[in-house]
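Q: Structure supplied as upload25.txt; contents: compact mmCIF, C-alpha atoms.
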```
# COMPACT_ATOMS: atom_id res chain seq x y z
CA MET W 3 13.40 5.05 -2.58
CA THR W 4 11.60 8.20 -1.33
CA GLU W 5 8.20 8.76 -2.91
CA LYS W 6 7.92 11.79 -5.18
CA ILE W 7 4.94 13.79 -6.40
CA LEU W 8 6.70 16.19 -8.75
CA ASP W 9 7.86 14.98 -12.13
CA LYS W 10 10.75 16.31 -14.22
CA LYS W 11 8.41 18.24 -16.51
CA THR W 12 6.99 20.23 -13.58
CA LEU W 13 10.45 20.88 -12.15
CA THR W 14 11.77 22.05 -15.52
CA LYS W 15 8.79 24.36 -15.97
CA SER W 16 9.39 25.86 -12.53
CA TYR W 17 13.07 26.40 -13.34
CA HIS W 18 12.34 28.02 -16.71
CA ARG W 19 9.87 30.41 -15.12
CA TRP W 20 12.48 31.52 -12.60
CA MET W 21 15.21 32.03 -15.19
CA MET W 22 12.94 33.92 -17.59
CA TYR W 23 10.96 36.01 -15.10
CA ASN W 24 13.05 36.32 -11.91
CA LEU W 25 13.11 40.13 -12.22
CA VAL W 26 9.48 40.55 -13.29
CA ALA W 27 7.24 43.06 -11.46
CA MET W 28 10.07 44.30 -9.26
CA SER W 29 9.53 46.90 -6.54
CA PHE W 30 11.37 47.98 -3.41
CA GLU W 31 8.75 46.14 -1.37
CA PHE W 32 9.07 42.77 -3.10
CA LEU W 33 12.13 42.82 -5.43
CA GLU W 34 12.29 39.23 -6.80
CA ALA W 35 9.34 37.85 -4.80
CA MET W 36 6.83 37.95 -7.66
CA GLY W 37 9.24 36.08 -9.92
CA PHE W 38 9.77 33.49 -7.20
CA ALA W 39 6.02 33.03 -6.71
CA LEU W 40 5.50 32.70 -10.46
CA SER W 41 8.11 29.95 -10.60
CA MET W 42 6.32 28.10 -7.79
CA GLU W 43 2.93 28.14 -9.54
CA PRO W 44 3.48 24.91 -11.59
CA VAL W 45 4.63 23.20 -8.37
CA ALA W 46 1.55 24.39 -6.49
CA ASP W 47 -0.70 23.21 -9.33
CA LYS W 48 0.82 19.75 -9.10
CA LEU W 49 0.93 19.44 -5.30
CA TYR W 50 -2.51 20.90 -4.55
CA LYS W 51 -4.46 20.17 -7.74
CA ASP W 52 -7.72 19.59 -5.83
CA GLU W 53 -7.02 21.84 -2.85
CA PRO W 54 -7.30 25.50 -3.96
CA GLU W 55 -6.97 26.93 -0.45
CA LYS W 56 -3.66 25.16 0.18
CA LYS W 57 -2.44 26.23 -3.24
CA LYS W 58 -3.34 29.84 -2.43
CA GLU W 59 -1.56 29.58 0.93
CA MET W 60 1.59 28.25 -0.72
CA LEU W 61 1.72 30.96 -3.37
CA GLU W 62 1.07 33.71 -0.83
CA ARG W 63 3.95 32.36 1.24
CA HIS W 64 6.33 32.94 -1.65
CA THR W 65 5.29 36.55 -2.27
CA ALA W 66 7.24 37.74 0.78
CA PHE W 67 10.26 39.98 0.14
CA TYR W 68 13.05 38.07 -1.60
CA ASN W 69 16.31 39.08 -3.22
CA THR W 70 19.43 37.18 -4.29
CA GLU W 71 21.69 36.66 -7.31
CA PRO W 72 19.32 34.97 -9.81
CA GLN W 73 21.65 32.43 -11.46
CA VAL W 74 23.32 30.95 -8.38
CA GLY W 75 20.12 31.68 -6.46
CA ALA W 76 18.32 29.04 -8.53
CA LEU W 77 19.63 26.64 -5.88
CA ILE W 78 17.22 28.20 -3.37
CA ASN W 79 14.30 27.66 -5.73
CA GLY W 80 15.18 23.99 -5.95
CA ILE W 81 15.42 23.72 -2.18
CA ALA W 82 12.05 25.45 -1.72
CA VAL W 83 10.42 23.13 -4.26
CA GLY W 84 11.81 20.06 -2.48
CA LEU W 85 10.59 21.29 0.89
CA GLU W 86 7.14 22.19 -0.45
CA GLU W 87 6.86 18.67 -1.85
CA GLN W 88 7.76 17.14 1.51
CA LYS W 89 5.26 19.42 3.25
CA ALA W 90 2.50 18.42 0.83
CA MET W 91 3.33 14.75 1.49
CA GLY W 92 2.62 15.26 5.19
CA ASN W 93 6.08 15.74 6.70
CA ALA W 94 5.15 17.41 10.00
CA GLY W 95 8.68 18.75 10.53
CA ILE W 96 8.45 21.02 7.49
CA THR W 97 6.27 24.08 7.92
CA GLY W 98 5.69 27.22 5.90
CA GLU W 99 7.71 29.18 8.45
CA LEU W 100 10.65 26.80 8.04
CA ILE W 101 10.60 27.17 4.25
CA ASN W 102 10.56 30.97 4.48
CA SER W 103 13.32 30.91 7.12
CA LEU W 104 15.53 28.80 4.86
CA LYS W 105 14.93 31.18 1.94
CA ILE W 106 15.84 34.20 4.06
CA GLY W 107 18.85 32.45 5.56
CA LEU W 108 20.26 31.38 2.19
CA MET W 109 19.52 34.39 -0.01
CA GLY W 110 22.26 36.53 1.57
CA PRO W 111 25.17 34.05 1.41
CA LEU W 112 24.25 32.93 -2.10
CA ALA W 113 23.94 36.54 -3.23
CA GLY W 114 27.53 37.08 -2.06
CA ILE W 115 28.79 33.99 -3.87
CA GLY W 116 26.73 34.68 -7.01
CA ASP W 117 27.68 38.37 -7.29
CA SER W 118 31.35 37.43 -6.94
CA MET W 119 31.15 34.65 -9.53
CA VAL W 120 28.84 36.02 -12.24
CA PRO W 121 29.27 39.83 -12.58
CA GLY W 122 32.55 39.82 -10.67
CA MET W 123 34.38 37.02 -12.49
CA LEU W 124 32.47 35.26 -15.30
CA ILE W 125 31.28 38.35 -17.20
CA PRO W 126 34.67 40.16 -17.19
CA ILE W 127 36.47 37.01 -18.37
CA LEU W 128 34.02 36.37 -21.21
CA LEU W 129 33.97 40.05 -22.19
CA SER W 130 37.77 40.20 -22.30
CA ILE W 131 37.85 37.17 -24.62
CA GLY W 132 35.04 38.60 -26.74
CA MET W 133 36.75 41.99 -27.07
CA GLY W 134 39.94 40.24 -28.10
CA LEU W 135 38.09 38.32 -30.81
CA SER W 136 36.47 41.54 -32.06
CA ALA W 137 39.59 43.69 -31.88
CA ASN W 138 39.80 43.90 -35.68
CA GLY W 139 36.13 44.66 -36.20
CA SER W 140 34.97 41.04 -36.33
CA SER W 141 31.51 40.18 -34.98
CA LEU W 142 32.83 36.84 -33.68
CA GLY W 143 33.39 38.29 -30.22
CA VAL W 144 29.74 39.29 -29.92
CA PHE W 145 28.52 35.81 -30.85
CA PHE W 146 31.08 34.23 -28.53
CA TYR W 147 29.92 36.30 -25.55
CA VAL W 148 26.19 35.83 -26.14
CA ILE W 149 26.44 32.08 -26.71
CA SER W 150 29.00 31.30 -24.00
CA PHE W 151 27.37 33.44 -21.30
CA ASN W 152 23.86 32.11 -21.87
CA SER W 153 25.07 28.51 -22.13
CA ILE W 154 27.06 28.69 -18.89
CA VAL W 155 24.26 30.49 -17.05
CA TYR W 156 21.51 28.19 -18.31
CA PHE W 157 23.16 24.83 -17.71
CA GLY W 158 24.92 25.96 -14.53
CA SER W 159 21.81 27.38 -12.87
CA ARG W 160 19.72 24.43 -14.04
CA TYR W 161 22.16 22.07 -12.34
CA LEU W 162 21.96 24.13 -9.15
CA PHE W 163 18.15 24.10 -9.22
CA PHE W 164 17.92 20.33 -9.47
CA LYS W 165 20.75 19.89 -6.94
CA GLY W 166 18.83 22.08 -4.50
CA TYR W 167 15.74 19.97 -5.06
CA GLU W 168 17.74 16.85 -4.17
CA LEU W 169 19.42 18.39 -1.11
CA GLY W 170 16.42 20.04 0.51
CA ALA W 171 17.09 21.35 4.01
CA GLU W 172 20.56 19.75 4.15
CA SER W 173 21.95 22.46 1.89
CA ILE W 174 21.79 25.18 4.55
CA ASP W 175 24.87 23.75 6.29
CA VAL W 176 26.81 23.76 3.03
CA PHE W 177 26.14 27.38 2.05
CA THR W 178 26.03 29.28 5.34
CA GLY W 179 29.06 27.87 7.16
CA GLU W 180 32.61 29.15 7.55
CA LYS W 181 33.82 27.34 4.42
CA ALA W 182 31.20 29.15 2.30
CA GLN W 183 32.45 32.51 3.62
CA GLN W 184 36.04 31.60 2.73
CA ILE W 185 34.95 30.57 -0.79
CA THR W 186 33.11 33.88 -1.20
CA LYS W 187 36.20 35.87 -0.19
CA ALA W 188 38.44 33.86 -2.53
CA ILE W 189 36.08 34.35 -5.48
CA THR W 190 35.84 38.08 -4.70
CA VAL W 191 39.63 38.44 -4.78
CA LEU W 192 39.80 36.49 -8.05
CA GLY W 193 37.04 38.62 -9.56
CA MET W 194 38.79 41.87 -8.63
CA THR W 195 42.03 40.54 -10.13
CA VAL W 196 40.24 39.71 -13.37
CA ILE W 197 38.62 43.16 -13.51
CA GLY W 198 42.01 44.78 -12.92
CA GLY W 199 43.55 42.76 -15.75
CA VAL W 200 40.71 43.63 -18.14
CA ALA W 201 41.00 47.33 -17.26
CA ALA W 202 44.78 47.35 -17.80
CA SER W 203 44.41 45.61 -21.16
CA TYR W 204 41.49 47.49 -22.70
CA VAL W 205 41.42 50.98 -21.15
CA ASN W 206 43.79 53.17 -23.16
CA LEU W 207 44.51 56.86 -22.79
CA GLU W 208 47.51 58.67 -24.18
CA ILE W 209 48.45 62.31 -23.64
CA PRO W 210 49.82 63.58 -26.97
CA ALA W 211 51.09 66.88 -25.54
CA LYS W 212 54.70 67.69 -26.47
CA PHE W 213 56.69 70.81 -25.63
CA ALA W 214 59.89 72.25 -26.99
CA LEU W 215 62.22 73.45 -24.26
CA THR W 216 65.76 74.75 -24.90
CA GLY W 217 65.91 72.94 -28.19
CA ALA W 218 64.70 69.60 -26.82
CA GLU W 219 61.24 68.09 -27.22
CA ILE W 220 59.49 67.00 -24.05
CA ASP W 221 57.00 64.15 -24.54
CA ILE W 222 54.56 64.10 -21.62
CA GLN W 223 53.36 60.56 -22.36
CA ALA W 224 56.94 59.21 -22.49
CA ILE W 225 57.69 60.83 -19.12
CA LEU W 226 54.57 59.31 -17.55
CA ASP W 227 55.37 55.86 -18.99
CA GLY W 228 58.84 56.11 -17.50
CA ILE W 229 57.44 56.93 -14.07
CA PHE W 230 54.32 54.73 -14.04
CA PRO W 231 53.16 52.86 -17.19
CA LYS W 232 49.41 53.09 -17.78
CA LEU W 233 49.09 55.89 -15.22
CA ALA W 234 46.50 57.81 -17.28
CA PRO W 235 44.18 54.79 -17.76
CA LEU W 236 44.50 54.04 -14.04
CA ALA W 237 43.44 57.61 -13.27
CA VAL W 238 40.41 57.17 -15.54
CA ILE W 239 39.44 53.93 -13.75
CA PHE W 240 39.70 55.46 -10.28
CA THR W 241 37.83 58.56 -11.44
CA SER W 242 35.04 56.36 -12.81
CA TRP W 243 34.88 54.40 -9.56
CA TYR W 244 34.75 57.60 -7.50
CA LEU W 245 31.99 59.15 -9.59
CA MET W 246 29.82 56.02 -9.56
CA ALA W 247 30.47 54.82 -6.00
CA LYS W 248 30.79 58.10 -4.13
CA ARG W 249 28.96 60.67 -6.25
CA LYS W 250 26.23 58.28 -7.45
CA VAL W 251 26.76 59.12 -11.13
CA SER W 252 25.01 56.55 -13.34
CA PRO W 253 27.04 54.63 -15.98
CA VAL W 254 25.01 56.27 -18.77
CA LYS W 255 25.80 59.76 -17.48
CA LEU W 256 29.46 58.79 -17.07
CA ILE W 257 29.65 57.61 -20.68
CA PHE W 258 28.09 60.89 -21.81
CA ILE W 259 30.61 62.88 -19.73
CA TYR W 260 33.55 60.96 -21.20
CA PHE W 261 32.14 61.45 -24.70
CA ILE W 262 32.00 65.23 -24.19
CA VAL W 263 35.51 65.32 -22.68
CA ALA W 264 36.95 63.18 -25.51
CA PHE W 265 35.19 65.24 -28.19
CA ALA W 266 36.45 68.49 -26.67
CA ALA W 267 40.01 67.15 -26.25
CA VAL W 268 40.24 65.90 -29.83
CA GLY W 269 38.89 69.22 -31.08
CA LEU W 270 41.43 71.14 -29.00
CA ALA W 271 44.27 68.95 -30.26
CA TYR W 272 43.12 69.53 -33.83
CA LEU W 273 43.07 73.31 -33.37
CA LEU W 274 46.50 73.34 -31.76
```
When written as structure tokens, how does the structure in this file appear?
A:
Amino acid sequence: MTEKILDKKTLTKSYHRWMMYNLVAMSFEFLEAMGFALSMEPVADKLYKDEPEKKKEMLERHTAFYNTEPQVGALINGIAVGLEEQKAMGNAGITGELINSLKIGLMGPLAGIGDSMVPGMLIPILLSIGMGLSANGSSLGVFFYVISFNSIVYFGSRYLFFKGYELGAESIDVFTGEKAQQITKAITVLGMTVIGGVAASYVNLEIPAKFALTGAEIDIQAILDGIFPKLAPLAVIFTSWYLMAKRKVSPVKLIFIYFIVAFAAVGLAYLL
């Protein structure tokens, strides 16, 4: 059995620091680096308890620019912890440069996988269930989303952290190869499908305009439904995408714009 320096208490403390403070003290120069370094502090205290210079060197190493999806990215933290332990135990093949290279090499692929899985798939699915549970004004949907999301994220990322600690350097082949790229593409497609389903189910817009022509009433909404059901909500979705992606309109500004448009439209309909 391989000798270990780090105990479960130290590993758990490192994990909790990452999950609670991964976005602390962010800047364009460092992004998540300060959160990463903070999570490595308990590990450095344990590995270099009586060697302050080596502890300082280790923490400085982990203040270099770093950015990935935090939940799935917990795997990288576990890998870094495992490698730092091996380095402290005298493994000459593991250097500070190697540890930083592995972090840089893994943060991109795992960001792609994590962004596809968490905001691209998990959050829309849980939100759609929560909105369904709260459709009649019940608060059950809110509790469902908060509890389910945090439970999945906590236990899932915790598993990845400890798995990364076990794998060490071997994990780079698993998450940077061709199979990982195929998994990322598949998850992305699934996530876009889920988002499309949520949009079709919960974005509603009806045009109440009706005109009398030669004794017959023309219902604009009925005509649109006959040509393309849900055409108006689809137009709203594409308009929102265009404004945010191409015109750089923030979500808050977009909500405000839609509020003004809706308020004005309802007022106009009332006057007419």
Q: Could you tell me which of W:Gly37, W:Ile96, W:Tyr260, W:Leu233 comes closest to Leu245 (chain W) if we count all atoms listed in the file?
A: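 Of all the options, W:Tyr260 lies closest to Leu245 (chain W).
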Q: Scan for residues within 8 Å of the point (0.8, 24.6, -5.5) in the coordinates of the file, using all atoms listed in the file, and reply as a list in words.
A: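 The requested residues, written out, are Met42, Glu43, Pro44, Val45, Ala46, Asp47, Lys48, Leu49, Tyr50, Lys51, Lys56, Lys57, Lys58, Met60 and Leu61 of chain W.
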Q: Please determine, counting only C-alpha atoms, which residue among W:Thr70, W:Asn152, W:Thr195, W:Thr97 has the shortest atom-to-atom distance to Met22 (chain W).
A: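 Answer, going by the shortest atom-to-atom distance: W:Asn152.
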Q: Could you check the closest approach to Leu85 (chain W) for each of W:Leu169, W:Ala211, W:Ala35, W:Ile222 and tell me which residue wins, using all atoms listed in the file?
A: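 Going through W:Leu169, W:Ala211, W:Ala35, W:Ile222 one by one, the smallest distance to Leu85 (chain W) is for W:Leu169.
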Q: If we count only C-alpha atoms, what is near Val205 (chain W) at a cut-off of 9 Å, once residues fewer than 4 positions away on the same chain are taken out, given as a ChimeraX atom specification?
A: /W:200-201,232,235-236,238-239
Q: State, in Å with one decimal place, the distance from CA of Gly134 (chain W) to CA of Ala202 (chain W).
A: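 Taking CA of Gly134 (chain W) and CA of Ala202 (chain W), their separation equals 13.4 Å.
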Q: Please determine, counting all atoms listed in the file, which residue among W:Phe67, W:Phe157, W:Phe145, W:Phe32 has the shortest atom-to-atom distance to Thr14 (chain W).
A: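 So, comparing all the options, the nearest one is W:Phe157.
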Q: Using all atoms listed in the file, find all polymer residues with an atom at most 6 Å away from the point (16.2, 20.7, -6.7); report them as number ranges by chain.
A: W: 80-81, 163-168
Q: For those residues, write C-alpha atoms to a file as a PDB file, keeping the file's coordinate frame.
A:
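Final file, again-v9.pdb:
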```
ATOM      1  CA  GLY W  80      15.180  23.990  -5.950  1.00  0.00           C
ATOM      2  CA  ILE W  81      15.420  23.720  -2.180  1.00  0.00           C
ATOM      3  CA  PHE W 163      18.150  24.100  -9.220  1.00  0.00           C
ATOM      4  CA  PHE W 164      17.920  20.330  -9.470  1.00  0.00           C
ATOM      5  CA  LYS W 165      20.750  19.890  -6.940  1.00  0.00           C
ATOM      6  CA  GLY W 166      18.830  22.080  -4.500  1.00  0.00           C
ATOM      7  CA  TYR W 167      15.740  19.970  -5.060  1.00  0.00           C
ATOM      8  CA  GLU W 168      17.740  16.850  -4.170  1.00  0.00           C
TER       9      GLU W 168
END
```
Q: So the first atom is CA of Val251 (chain W) and the second is CA of Pro121 (chain W); what is the distance between them in Å, to one decimal place?
A: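 Result for CA of Val251 (chain W) versus CA of Pro121 (chain W): 19.5 Å, one decimal.
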Q: Find, counting only C-alpha atoms, the residue in W:Ile131, W:Ala137, W:Ala39, W:Leu100 that gets nearest to Phe151 (chain W).
A: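 Nearest to Phe151 (chain W): W:Ile131.
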Q: Report, in Å with one decimal, the straight-line distance from CA of Leu40 (chain W) to CA of Ser118 (chain W).
A: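 It comes out at 26.5 Å.
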Q: Env of Ser150 (chain W): 12 Å cut, atoms = all atoms listed in the file, seq-sep filter 5 positions within chain, self excluded. Answer as an mmCIF file with C-alpha atoms, keeping the file's coordinate frame.
A:
```
data_model
loop_
_atom_site.group_PDB
_atom_site.id
_atom_site.type_symbol
_atom_site.label_atom_id
_atom_site.label_comp_id
_atom_site.auth_asym_id
_atom_site.auth_seq_id
_atom_site.Cartn_x
_atom_site.Cartn_y
_atom_site.Cartn_z
ATOM 1 C CA LEU W 124 32.470 35.260 -15.300
ATOM 2 C CA ILE W 125 31.280 38.350 -17.200
ATOM 3 C CA ILE W 127 36.470 37.010 -18.370
ATOM 4 C CA LEU W 128 34.020 36.370 -21.210
ATOM 5 C CA LEU W 129 33.970 40.050 -22.190
ATOM 6 C CA ILE W 131 37.850 37.170 -24.620
ATOM 7 C CA GLY W 132 35.040 38.600 -26.740
ATOM 8 C CA LEU W 142 32.830 36.840 -33.680
ATOM 9 C CA GLY W 143 33.390 38.290 -30.220
ATOM 10 C CA VAL W 144 29.740 39.290 -29.920
ATOM 11 C CA PHE W 145 28.520 35.810 -30.850
ATOM 12 C CA VAL W 155 24.260 30.490 -17.050
ATOM 13 C CA TYR W 156 21.510 28.190 -18.310
ATOM 14 C CA PHE W 157 23.160 24.830 -17.710
ATOM 15 C CA GLY W 158 24.920 25.960 -14.530
#
```
Q: From the list W:Ala264, W:Ile209, W:Val254, W:Ile220, which residue is nearest Ala234 (chain W) when using all atoms listed in the file?
A: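 Distance minimum relative to Ala234 (chain W) lands on W:Ile209.
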Q: Extending 3 Å beyond the listed atoms of region 125-136 of chain W on each side, what axis-aligned box results? I want centre and edge lengths in Å to one decimal, as JSON.
A:
```
{"center_x": 35.6, "center_y": 39.2, "center_z": -24.6, "size_x": 14.7, "size_y": 11.6, "size_z": 20.9}
```
